[in-house]
>>> print(open('target25.pdb').read())   # PDB, C-alpha atoms
ATOM      1  CA  MET A 155     154.538  57.338 223.815
ATOM      2  CA  PHE A 156     152.086  56.627 226.590
ATOM      3  CA  HIS A 157     149.286  54.108 226.856
ATOM      4  CA  PRO A 158     146.084  55.620 225.338
ATOM      5  CA  ASP A 159     144.394  55.702 228.763
ATOM      6  CA  THR A 160     147.374  57.509 230.285
ATOM      7  CA  GLN A 161     147.282  60.053 227.469
ATOM      8  CA  ALA A 162     143.513  60.483 227.903
ATOM      9  CA  LEU A 163     143.971  61.422 231.583
ATOM     10  CA  ILE A 164     146.829  63.792 230.727
ATOM     11  CA  ASP A 165     144.669  65.476 228.085
ATOM     12  CA  LEU A 166     141.679  65.700 230.444
ATOM     13  CA  TRP A 167     143.767  67.221 233.259
ATOM     14  CA  THR A 168     145.439  69.666 230.852
ATOM     15  CA  ALA A 169     142.053  70.877 229.590
ATOM     16  CA  LEU A 170     140.771  71.297 233.154
ATOM     17  CA  SER A 171     143.933  73.159 234.191
ATOM     18  CA  ARG A 172     143.115  75.824 231.616
ATOM     19  CA  GLY A 173     139.617  76.383 233.001
ATOM     20  CA  GLU A 174     138.221  79.195 235.128
ATOM     21  CA  ALA A 175     138.418  77.516 238.551
ATOM     22  CA  VAL A 176     142.194  77.103 238.484
ATOM     23  CA  ARG A 177     144.242  78.250 241.462
ATOM     24  CA  ALA A 178     148.054  78.061 241.454
ATOM     25  CA  GLY A 179     147.901  75.912 238.335
ATOM     26  CA  LEU A 180     145.642  73.258 239.894
ATOM     27  CA  PRO A 181     142.094  72.734 238.647
ATOM     28  CA  ALA A 182     139.258  72.462 241.155
ATOM     29  CA  ARG A 183     138.075  68.937 241.922
ATOM     30  CA  ALA A 184     134.526  70.117 241.178
ATOM     31  CA  ALA A 185     135.565  70.693 237.559
ATOM     32  CA  LEU A 186     136.191  66.961 237.117
ATOM     33  CA  ARG A 187     133.178  64.920 236.091
ATOM     34  CA  PRO A 188     133.784  61.231 236.861
ATOM     35  CA  ASP A 189     131.986  60.157 233.689
ATOM     36  CA  ALA A 190     134.748  61.925 231.709
ATOM     37  CA  LEU A 191     136.962  58.954 232.609
ATOM     38  CA  GLY A 192     134.476  56.549 231.025
ATOM     39  CA  PRO A 193     135.497  52.879 231.304
ATOM     40  CA  ARG A 194     138.813  53.952 232.864
ATOM     41  CA  LEU A 195     136.965  54.776 236.098
ATOM     42  CA  THR A 196     137.383  51.185 237.344
ATOM     43  CA  ARG A 197     141.180  51.685 237.340
ATOM     44  CA  ALA A 198     141.124  55.164 238.899
ATOM     45  CA  PHE A 199     141.618  56.308 242.470
ATOM     46  CA  LEU A 200     141.206  59.560 244.340
ATOM     47  CA  ALA A 201     143.526  60.240 247.266
ATOM     48  CA  GLU A 202     143.511  63.144 249.679
ATOM     49  CA  ARG A 203     146.852  64.754 250.447
ATOM     50  CA  SER A 204     147.261  66.583 253.708
ATOM     51  CA  ASP A 205     150.870  67.356 254.617
ATOM     52  CA  ASP A 206     152.720  64.176 253.573
ATOM     53  CA  ASP A 207     149.859  61.791 254.310
ATOM     54  CA  LEU A 208     147.948  60.363 251.358
ATOM     55  CA  ARG A 209     144.712  58.499 252.037
ATOM     56  CA  ILE A 210     142.644  56.880 249.325
ATOM     57  CA  ARG A 211     139.096  58.240 249.322
ATOM     58  CA  LEU A 212     137.778  56.275 246.360
ATOM     59  CA  ALA A 213     139.113  53.399 244.286
ATOM     60  CA  GLY A 214     137.693  51.621 241.266
ATOM     61  CA  ASP A 215     136.670  47.973 241.445
ATOM     62  CA  TRP A 216     139.474  46.831 239.105
ATOM     63  CA  LEU A 217     142.021  48.324 241.512
ATOM     64  CA  GLU A 218     140.396  46.742 244.537
ATOM     65  CA  ALA A 219     140.353  43.338 242.817
ATOM     66  CA  PHE A 220     143.994  43.825 241.791
ATOM     67  CA  HIS A 221     144.961  44.540 245.409
ATOM     68  CA  ASP A 222     142.522  41.887 246.716
ATOM     69  CA  GLY A 223     140.637  44.140 249.065
ATOM     70  CA  PRO A 224     139.068  47.525 249.661
ATOM     71  CA  LEU A 225     141.405  50.492 249.352
ATOM     72  CA  THR A 226     139.125  53.229 250.701
ATOM     73  CA  GLY A 227     140.761  54.701 253.790
ATOM     74  CA  ALA A 228     144.102  52.999 253.139
ATOM     75  CA  THR A 229     147.249  54.994 252.526
ATOM     76  CA  LEU A 230     148.442  55.294 248.954
ATOM     77  CA  SER A 231     151.570  53.398 249.974
ATOM     78  CA  ALA A 232     149.401  50.276 250.458
ATOM     79  CA  MET A 233     149.376  49.909 246.664
ATOM     80  CA  TRP A 234     153.180  49.871 246.419
ATOM     81  CA  ARG A 235     156.097  47.699 247.516
ATOM     82  CA  ALA A 236     158.166  49.249 250.321
ATOM     83  CA  GLY A 237     161.115  50.086 248.047
ATOM     84  CA  SER A 238     158.857  52.167 245.786
ATOM     85  CA  ILE A 239     157.202  54.401 248.364
ATOM     86  CA  ALA A 240     159.870  57.145 248.256
ATOM     87  CA  MET A 241     159.669  57.428 244.448
ATOM     88  CA  VAL A 242     155.866  57.501 244.495
ATOM     89  CA  GLY A 243     155.863  60.183 247.202
ATOM     90  CA  ALA A 244     158.315  62.263 245.168
ATOM     91  CA  ALA A 245     156.134  61.880 242.059
ATOM     92  CA  VAL A 246     153.033  63.060 243.935
ATOM     93  CA  ARG A 247     154.894  66.021 245.443
ATOM     94  CA  GLN A 248     156.227  66.934 241.987
ATOM     95  CA  SER A 249     152.722  66.820 240.506
ATOM     96  CA  VAL A 250     151.476  69.211 243.202
ATOM     97  CA  ARG A 251     154.548  71.477 243.253
ATOM     98  CA  GLU A 252     154.776  71.863 239.469
ATOM     99  CA  ALA A 253     151.033  71.541 238.739
ATOM    100  CA  ARG A 254     151.378  68.923 236.036
ATOM    101  CA  PRO A 255     150.765  65.195 235.601
ATOM    102  CA  VAL A 256     153.470  62.699 236.528
ATOM    103  CA  VAL A 257     153.583  59.181 235.086
ATOM    104  CA  ILE A 258     155.129  56.347 237.090
ATOM    105  CA  VAL A 259     156.253  53.294 235.125
ATOM    106  CA  ALA A 260     155.689  50.276 237.349
ATOM    107  CA  GLY A 261     155.900  46.527 237.483
ATOM    108  CA  VAL A 262     153.662  44.098 239.299
ATOM    109  CA  ASP A 263     155.148  42.710 242.494
ATOM    110  CA  ALA A 264     158.858  42.374 241.630
ATOM    111  CA  GLY A 265     158.205  41.769 237.914
ATOM    112  CA  HIS A 266     158.882  43.713 234.759
ATOM    113  CA  ALA A 267     157.273  47.039 233.910
ATOM    114  CA  ALA A 268     153.713  46.395 232.821
ATOM    115  CA  LEU A 269     151.774  49.430 234.082
ATOM    116  CA  GLU A 270     151.675  53.190 233.898
ATOM    117  CA  VAL A 271     150.307  54.977 236.950
ATOM    118  CA  THR A 272     149.455  58.613 236.295
ATOM    119  CA  VAL A 273     149.031  61.025 239.198
ATOM    120  CA  THR A 274     147.416  64.433 238.750
ATOM    121  CA  ALA A 275     146.771  67.074 241.409
ATOM    122  CA  PHE A 276     143.548  68.978 242.044
ATOM    123  CA  GLN A 277     142.643  71.686 244.561
ATOM    124  CA  GLY A 278     141.486  70.327 247.899
ATOM    125  CA  ALA A 279     138.981  71.847 250.286
ATOM    126  CA  GLY A 280     141.517  73.789 252.336
ATOM    127  CA  ALA A 281     144.920  75.381 252.037
ATOM    128  CA  GLY A 282     147.743  72.842 251.823
ATOM    129  CA  GLN A 283     145.282  70.090 251.011
ATOM    130  CA  GLU A 284     145.242  68.606 247.532
ATOM    131  CA  LEU A 285     143.404  65.749 245.912
ATOM    132  CA  ILE A 286     145.340  63.315 243.762
ATOM    133  CA  LEU A 287     143.544  61.627 240.898
ATOM    134  CA  GLY A 288     145.393  58.554 239.744
ATOM    135  CA  LEU A 289     144.885  56.099 236.931
ATOM    136  CA  VAL A 290     146.467  52.685 236.431
ATOM    137  CA  ALA A 291     146.910  51.683 232.785
ATOM    138  CA  PRO A 292     148.212  48.173 232.031
ATOM    139  CA  THR A 293     150.650  48.343 229.114
ATOM    140  CA  ALA A 294     150.666  44.563 228.682
ATOM    141  CA  THR A 295     148.230  41.750 229.259
ATOM    142  CA  LEU A 296     148.282  40.878 232.935
ATOM    143  CA  THR A 297     147.756  37.250 233.867
ATOM    144  CA  LEU A 298     148.001  37.256 237.620
ATOM    145  CA  PRO A 299     146.692  34.834 240.215
ATOM    146  CA  ALA A 300     143.296  35.833 241.594
ATOM    147  CA  HIS A 301     142.641  36.478 245.281
ATOM    148  CA  THR A 302     146.237  37.523 245.805
ATOM    149  CA  PRO A 303     147.122  41.055 246.869
ATOM    150  CA  HIS A 304     149.509  42.516 244.305
ATOM    151  CA  ARG A 305     151.828  45.423 244.999
ATOM    152  CA  LEU A 306     153.363  47.735 242.435
ATOM    153  CA  SER A 307     157.097  48.306 242.001
ATOM    154  CA  ALA A 308     157.980  51.778 240.711
ATOM    155  CA  ARG A 309     160.673  51.762 238.040
ATOM    156  CA  MET A 310     160.809  55.428 237.040
ATOM    157  CA  SER A 311     158.681  58.555 236.974
ATOM    158  CA  MET A 312     158.450  61.436 234.550
ATOM    159  CA  ALA A 313     156.603  64.740 234.584
ATOM    160  CA  VAL A 314     154.501  65.529 231.542
ATOM    161  CA  GLY A 315     154.136  68.933 229.907
ATOM    162  CA  ASP A 316     155.291  72.303 231.108
ATOM    163  CA  PRO A 317     154.999  73.224 234.781
ATOM    164  CA  ALA A 318     151.946  75.407 235.402
ATOM    165  CA  ARG A 319     153.569  76.939 238.484
ATOM    166  CA  PRO A 320     156.675  79.084 238.163
ATOM    167  CA  ARG A 321     159.782  77.951 240.000
ATOM    168  CA  LEU A 322     160.243  79.657 243.339
ATOM    169  CA  ALA A 323     162.861  82.385 243.339
ATOM    170  CA  LEU A 324     164.376  84.573 245.999
ATOM    171  CA  ALA A 325     163.851  88.302 245.824
ATOM    172  CA  ALA A 326     166.003  90.919 247.501
ATOM    173  CA  LEU A 327     165.385  94.525 248.383
ATOM    174  CA  ASP A 328     168.383  96.613 249.439
ATOM    175  CA  GLY A 329     170.409  93.437 249.866
ATOM    176  CA  ARG A 330     167.853  91.788 252.166
ATOM    177  CA  ARG A 331     165.929  88.679 251.137
ATOM    178  CA  ILE A 332     162.220  89.398 251.174
ATOM    179  CA  ALA A 333     160.774  86.338 249.429
TER     180      ALA A 333
END
>>> encode(input="target25.pdb", output="structure tokens")
Amino acid sequence: MFHPDTQALIDLWTALSRGEAVRAGLPARAALRPDALGPRLTRAFLAERSDDDLRIRLAGDWLEAFHDGPLTGATLSAMWRAGSIAMVGAAVRQSVREARPVVIVAGVDAGHAALEVTVTAFQGAGAGQELILGLVAPTATLTLPAHTPHRLSARMSMAVGDPARPRLALAALDGRRIA
């Protein structure tokens, strides 16, 4: 069972993914109204994915206070400890590839799991460019020192729901691979 805020983002993304402006299982960013996140908006971020580079375009004030500085323009990896970057990258790629939300269970700094970070993919402006909407949901009361940059430690990630994109398969015609 997920944190209520995590579940709210999953439900919102799922509803948008069934809309008219869906391409390859991903809803259009224009379909998302920021006010649909309500008070969760302060813990949300929007990152732009181009190839394997993820840059944060927008970040809520709770997130910027948590990381003790502005995140706009920073890479998504700036939010995470070095040992977690590979798992976070794999979670983002899975969200895009399978067109479904992925939840990362994380701890603060090197501590115990206390957060859920949900990543969801949206269509970007061009081909091969996606937008990642993320939401951080504390699952426990966080009492952390102020004015200290905190980094997240990924513990595990899990995809949610059925993939909206079919798995890639090879096709053959007269014994020759064509796709």
>>> resolve_selection(input="target25.pdb", expression="the PyMOL selection byres ((chain A and resi 229-236) around 7)", output="PyMOL selection string")
chain A and resi 208-210+227-228+237-239+305-307
>>> atom_distance(input="target25.pdb", atom1="atom CA of Gly243 of chain A", atom2="atom CA of Ser311 of chain A")
10.7 Å
>>> resolve_selection(input="target25.pdb", expression="the PyMOL selection byres ((chain A and resi 158) around 12)", output="MDAnalysis selection string")
chainID A and resid 155:157 159:165 194 270 272 289:293
>>> atom_distance(input="target25.pdb", atom1="atom CA of Val176 of chain A", atom2="atom CA of Leu225 of chain A")
28.8 Å
>>> atom_distance(input="target25.pdb", atom1="atom CA of Met312 of chain A", atom2="atom CA of Ile258 of chain A")
6.6 Å
>>> closest_residue(input="target25.pdb", among="A:Gly261, A:Gly173, A:Gly214, A:Gly278", to="Ala185 of chain A", atoms="only C-alpha atoms")
A:Gly173
>>> closest_residue(input="target25.pdb", among="A:Val257, A:Thr226, A:Gln283, A:Ala182", to="Leu200 of chain A", atoms="all atoms listed in the file")
A:Thr226
>>> closest_residue(input="target25.pdb", among="A:Val273, A:Arg197, A:Met310, A:Val256", to="Trp216 of chain A", atoms="only C-alpha atoms")
A:Arg197
>>> resolve_selection(input="target25.pdb", expression="the PyMOL selection byres ((chain A and resi 252-254) around 7)", output="list in words")
Gly179, Leu180, Gln248, Ser249, Val250, Arg251, Pro255, Val256, Thr274, Ala275, Ala313, Val314, Gly315, Pro317, Ala318 and Arg319 of chain A
>>> closest_residue(input="target25.pdb", among="A:Ala198, A:Leu269, A:Val262, A:Leu285", to="Thr302 of chain A", atoms="only C-alpha atoms")
A:Val262
>>> closest_residue(input="target25.pdb", among="A:Ala308, A:Ser171, A:Pro181, A:Glu218", to="Ala260 of chain A", atoms="all atoms listed in the file")
A:Ala308
>>> closest_residue(input="target25.pdb", among="A:Leu287, A:Pro303, A:Ala294, A:Val242", to="Arg183 of chain A", atoms="all atoms listed in the file")
A:Leu287
